[in-house]
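J.: Sharing a structure, written as C-alpha cells. Questions coming.
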Amino acid sequence: MKKIYFLCTGNSCRSQMAEGFGKALMGPDWQVESAGIEMHGLNPKAVTVMAEVGIDISNQYAKLIDLDYLNQCDLVVTLCGDARDKCPMTPASVQKQHWPLPDPAQANGTVAEQLAVFRTVRDDIRHRVAALVS
C-alpha cells in the first residue's frame with residue numbers, strides 16, 4: 001500500500017482538507033494521513049466547507065508529524081511554506097511536492113467572506129488531489 005502525508009503548520013485546515021479529499025479520491029491502494037509541525041485543532045470552518053462537497057472530516061483531529069510514517073511515505077505534500085521549511089529530512093525514496101496555498105484561517109471579514117476563502121482553498125486542494133490520482 002502506498003502512503004501519502006499532507007503537512008501544514010497546525011494541521012487544522014489545509015492538510016485536514018487534503019486528507020479528506022485523499023481518502024475520498026485516492027482509493028484503497030493509498031494510506032492517507034495528515035499532520036502538522038504544531039497542533040492547532042481541527043478548524044470548524046474546514047469541516048463546514050468539506051461537508052458542502054459531501055466529505056465528512058469531523059472525526060479527524062490535529063496530529064504532530066510521525067517520523068516513522070513520514071520516512072515510509074511514497075509522497076509528502078507540504079501545503080504551506082512553514083511546513084516545507086521545517087519538515088524533517090526524509091529518505092531520498094520519499095517524493096516531495098509543495099503546494100503553496102494561502103491559510104484560510106487567516107481570512108478576515110464576515111463569516112461569509114471567511115467561508116468564501118475556505119471554499120477557494122478547498123477547491124484548489126480538490127483539484128490538486130484529483131491530479132495526483134490521474
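Lettering and numbering for the C-alpha cells are positional, with chains as A, B, ... in the shown order, residues counted from 1 in each chain, and ligands counted from 1 in the shown order.
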Pick out each residue of stretch 11-123 of chain A that DSSP on the backbone tags as helix (DSSP H, G or I); I need them as a PyMOL selection string.
T.: chain A and resi 14-25+44-52+67-72+81-86+104-106+111-123
J.: Write the residues of the selection above to a file with N, CA and C atoms, as a CSV table (one decimal), in the first residue's frame.
T.:
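This is the output file result.csv:
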```csv
chain,number,residue,atom,x,y,z
A,14,ARG,N,-5.8,23.3,5.9
A,14,ARG,CA,-5.4,22.8,4.6
A,14,ARG,C,-5.0,21.3,4.6
A,15,SER,N,-4.2,20.8,5.5
A,15,SER,CA,-3.8,19.4,5.5
A,15,SER,C,-5.0,18.5,5.8
A,16,GLN,N,-5.9,19.0,6.7
A,16,GLN,CA,-7.1,18.3,7.0
A,16,GLN,C,-8.0,18.1,5.8
A,17,MET,N,-8.2,19.2,5.0
A,17,MET,CA,-9.0,19.1,3.8
A,17,MET,C,-8.3,18.2,2.8
A,18,ALA,N,-7.0,18.2,2.7
A,18,ALA,CA,-6.3,17.4,1.8
A,18,ALA,C,-6.4,15.9,2.2
A,19,GLU,N,-6.4,15.6,3.5
A,19,GLU,CA,-6.6,14.3,3.9
A,19,GLU,C,-8.0,13.8,3.6
A,20,GLY,N,-9.0,14.6,3.8
A,20,GLY,CA,-10.3,14.3,3.4
A,20,GLY,C,-10.5,13.9,2.0
A,21,PHE,N,-9.9,14.8,1.1
A,21,PHE,CA,-10.0,14.5,-0.3
A,21,PHE,C,-9.2,13.3,-0.7
A,22,GLY,N,-8.0,13.1,-0.1
A,22,GLY,CA,-7.2,12.0,-0.4
A,22,GLY,C,-7.9,10.7,-0.1
A,23,LYS,N,-8.6,10.6,1.1
A,23,LYS,CA,-9.3,9.4,1.5
A,23,LYS,C,-10.5,9.2,0.5
A,24,ALA,N,-11.1,10.2,0.1
A,24,ALA,CA,-12.3,10.1,-0.8
A,24,ALA,C,-11.9,9.8,-2.3
A,25,LEU,N,-10.7,10.3,-2.7
A,25,LEU,CA,-10.4,10.2,-4.1
A,25,LEU,C,-9.3,9.2,-4.5
A,44,PRO,N,-13.3,24.4,12.6
A,44,PRO,CA,-14.7,24.1,12.2
A,44,PRO,C,-15.2,24.6,10.8
A,45,LYS,N,-14.5,25.7,10.4
A,45,LYS,CA,-14.9,26.1,9.0
A,45,LYS,C,-14.4,25.2,7.9
A,46,ALA,N,-13.3,24.5,8.2
A,46,ALA,CA,-12.8,23.4,7.3
A,46,ALA,C,-13.8,22.3,7.2
A,47,VAL,N,-14.3,21.9,8.4
A,47,VAL,CA,-15.4,20.9,8.5
A,47,VAL,C,-16.6,21.3,7.7
A,48,THR,N,-17.0,22.5,7.8
A,48,THR,CA,-18.2,23.1,7.2
A,48,THR,C,-18.1,23.0,5.7
A,49,VAL,N,-17.0,23.5,5.1
A,49,VAL,CA,-16.8,23.6,3.7
A,49,VAL,C,-16.6,22.2,3.0
A,50,MET,N,-16.0,21.3,3.8
A,50,MET,CA,-15.9,19.9,3.3
A,50,MET,C,-17.2,19.2,3.2
A,51,ALA,N,-18.0,19.5,4.3
A,51,ALA,CA,-19.4,18.9,4.3
A,51,ALA,C,-20.2,19.3,3.1
A,52,GLU,N,-19.9,20.6,2.7
A,52,GLU,CA,-20.7,21.1,1.5
A,52,GLU,C,-20.4,20.3,0.2
A,67,LEU,N,7.4,10.7,12.7
A,67,LEU,CA,8.6,10.5,11.9
A,67,LEU,C,8.7,9.1,11.2
A,68,ASP,N,8.2,8.0,11.9
A,68,ASP,CA,8.2,6.7,11.3
A,68,ASP,C,7.3,6.7,10.0
A,69,TYR,N,6.1,7.3,10.1
A,69,TYR,CA,5.2,7.3,9.0
A,69,TYR,C,5.8,8.2,7.9
A,70,LEU,N,6.3,9.3,8.3
A,70,LEU,CA,7.0,10.2,7.3
A,70,LEU,C,8.0,9.5,6.5
A,71,ASN,N,8.9,8.8,7.1
A,71,ASN,CA,10.0,8.1,6.5
A,71,ASN,C,9.6,6.9,5.6
A,72,GLN,N,8.3,6.4,5.8
A,72,GLN,CA,7.8,5.3,5.0
A,72,GLN,C,7.0,5.8,3.8
A,81,GLY,N,4.5,27.2,3.4
A,81,GLY,CA,6.0,27.4,3.4
A,81,GLY,C,6.6,27.0,4.7
A,82,ASP,N,5.9,27.2,5.8
A,82,ASP,CA,6.4,26.9,7.1
A,82,ASP,C,6.6,25.4,7.3
A,83,ALA,N,5.6,24.6,6.8
A,83,ALA,CA,5.8,23.1,6.8
A,83,ALA,C,6.9,22.7,5.9
A,84,ARG,N,7.0,23.3,4.7
A,84,ARG,CA,8.1,22.9,3.8
A,84,ARG,C,9.4,23.2,4.4
A,85,ASP,N,9.6,24.4,5.1
A,85,ASP,CA,10.9,24.8,5.6
A,85,ASP,C,11.2,24.0,6.9
A,86,LYS,N,10.2,23.5,7.6
A,86,LYS,CA,10.5,22.8,8.9
A,86,LYS,C,10.3,21.3,8.9
A,104,PRO,N,-6.5,29.7,5.0
A,104,PRO,CA,-7.8,30.2,5.1
A,104,PRO,C,-8.2,30.7,6.5
A,105,ALA,N,-7.5,30.1,7.5
A,105,ALA,CA,-7.7,30.5,8.9
A,105,ALA,C,-7.3,32.0,9.2
A,106,GLN,N,-6.5,32.5,8.3
A,106,GLN,CA,-6.1,33.9,8.4
A,106,GLN,C,-7.1,34.9,7.7
A,111,VAL,N,-18.2,36.2,8.4
A,111,VAL,CA,-18.2,34.7,8.4
A,111,VAL,C,-18.3,34.3,6.9
A,112,ALA,N,-19.3,34.9,6.2
A,112,ALA,CA,-19.5,34.5,4.8
A,112,ALA,C,-18.2,34.8,4.0
A,113,GLU,N,-17.5,35.9,4.2
A,113,GLU,CA,-16.3,36.2,3.5
A,113,GLU,C,-15.2,35.2,3.9
A,114,GLN,N,-15.1,34.8,5.1
A,114,GLN,CA,-14.1,33.8,5.5
A,114,GLN,C,-14.4,32.5,4.9
A,115,LEU,N,-15.7,32.1,4.9
A,115,LEU,CA,-16.0,30.8,4.3
A,115,LEU,C,-15.7,30.8,2.8
A,116,ALA,N,-15.9,31.9,2.1
A,116,ALA,CA,-15.5,32.0,0.7
A,116,ALA,C,-14.0,31.7,0.5
A,117,VAL,N,-13.2,32.2,1.4
A,117,VAL,CA,-11.8,31.9,1.3
A,117,VAL,C,-11.5,30.4,1.5
A,118,PHE,N,-12.2,29.8,2.5
A,118,PHE,CA,-12.1,28.4,2.8
A,118,PHE,C,-12.5,27.6,1.5
A,119,ARG,N,-13.6,28.0,0.9
A,119,ARG,CA,-14.0,27.3,-0.3
A,119,ARG,C,-13.0,27.4,-1.5
A,120,THR,N,-12.4,28.5,-1.6
A,120,THR,CA,-11.4,28.7,-2.7
A,120,THR,C,-10.2,27.7,-2.5
A,121,VAL,N,-9.8,27.7,-1.2
A,121,VAL,CA,-8.6,26.8,-0.9
A,121,VAL,C,-9.1,25.4,-1.0
A,122,ARG,N,-10.3,25.0,-0.5
A,122,ARG,CA,-10.8,23.7,-0.6
A,122,ARG,C,-10.8,23.2,-2.1
A,123,ASP,N,-11.3,24.1,-3.0
A,123,ASP,CA,-11.4,23.7,-4.4
A,123,ASP,C,-10.1,23.5,-5.0
```
J.: Which residues, written as a compact mmCIF listing (two decimals) with N, CA and C atoms, in the first residue's frame, have at least one atom at most 7 Å from A:Ile65, with only C-alpha atoms counted and residues fewer than 4 positions away on the same chain left out?
T.:
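Okay, around.txt is ready:
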```
# COMPACT_ATOMS: atom_id res chain seq x y z
N ALA A 35 -0.74 15.82 9.06
CA ALA A 35 -0.14 16.19 10.34
C ALA A 35 0.40 17.61 10.23
N GLY A 36 0.89 18.11 11.35
CA GLY A 36 1.46 19.44 11.38
C GLY A 36 2.72 19.49 12.20
N ILE A 37 3.44 20.59 12.08
CA ILE A 37 4.61 20.79 12.91
C ILE A 37 4.19 21.29 14.29
```
J.: Just how far from atom CA of A:Ile57 is atom CA of A:Ala130, in Å to one decimal?
T.: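 Value for the atom CA of A:Ala130-atom CA of A:Ile57 distance: 17.6 Å.
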J.: For A:Val77, which residue out of A:Arg128, A:Asn108, A:His40, A:Gln31 is the nearest one, using only C-alpha atoms?
T.: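 Checking each of A:Arg128, A:Asn108, A:His40, A:Gln31 against A:Val77, counting only C-alpha atoms, the winner is A:Arg128.
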J.: Give me the residues near A:Cys73 as a PDB file with N, CA, C and O atoms, in the first residue's frame, where near means some atom within 6 Å (using only C-alpha atoms) and where sequence neighbours in that chain fewer than 4 positions away do not count.
T.:
```pdb
ATOM      1  N   LYS A   3       1.763   5.239   0.630  1.00  0.00           N
ATOM      2  CA  LYS A   3       1.462   6.158   1.727  1.00  0.00           C
ATOM      3  C   LYS A   3       1.703   7.597   1.291  1.00  0.00           C
ATOM      4  O   LYS A   3       2.715   7.888   0.642  1.00  0.00           O
ATOM      5  N   ILE A   4       0.766   8.481   1.678  1.00  0.00           N
ATOM      6  CA  ILE A   4       0.904   9.898   1.407  1.00  0.00           C
ATOM      7  C   ILE A   4       0.679  10.652   2.717  1.00  0.00           C
ATOM      8  O   ILE A   4      -0.110  10.228   3.560  1.00  0.00           O
ATOM      9  N   VAL A  94      11.546   9.170  -0.690  1.00  0.00           N
ATOM     10  CA  VAL A  94      10.288   9.872  -0.447  1.00  0.00           C
ATOM     11  C   VAL A  94      10.181  11.050  -1.407  1.00  0.00           C
ATOM     12  O   VAL A  94      10.988  11.975  -1.374  1.00  0.00           O
TER      13      VAL A  94
END
```
J.: Using DSSP secondary structure from the backbone, list all strand (DSSP E or B) positions within chain A, as a PyMOL selection string.
T.: chain A and resi 2-8+30-36+64+75-78+95-98
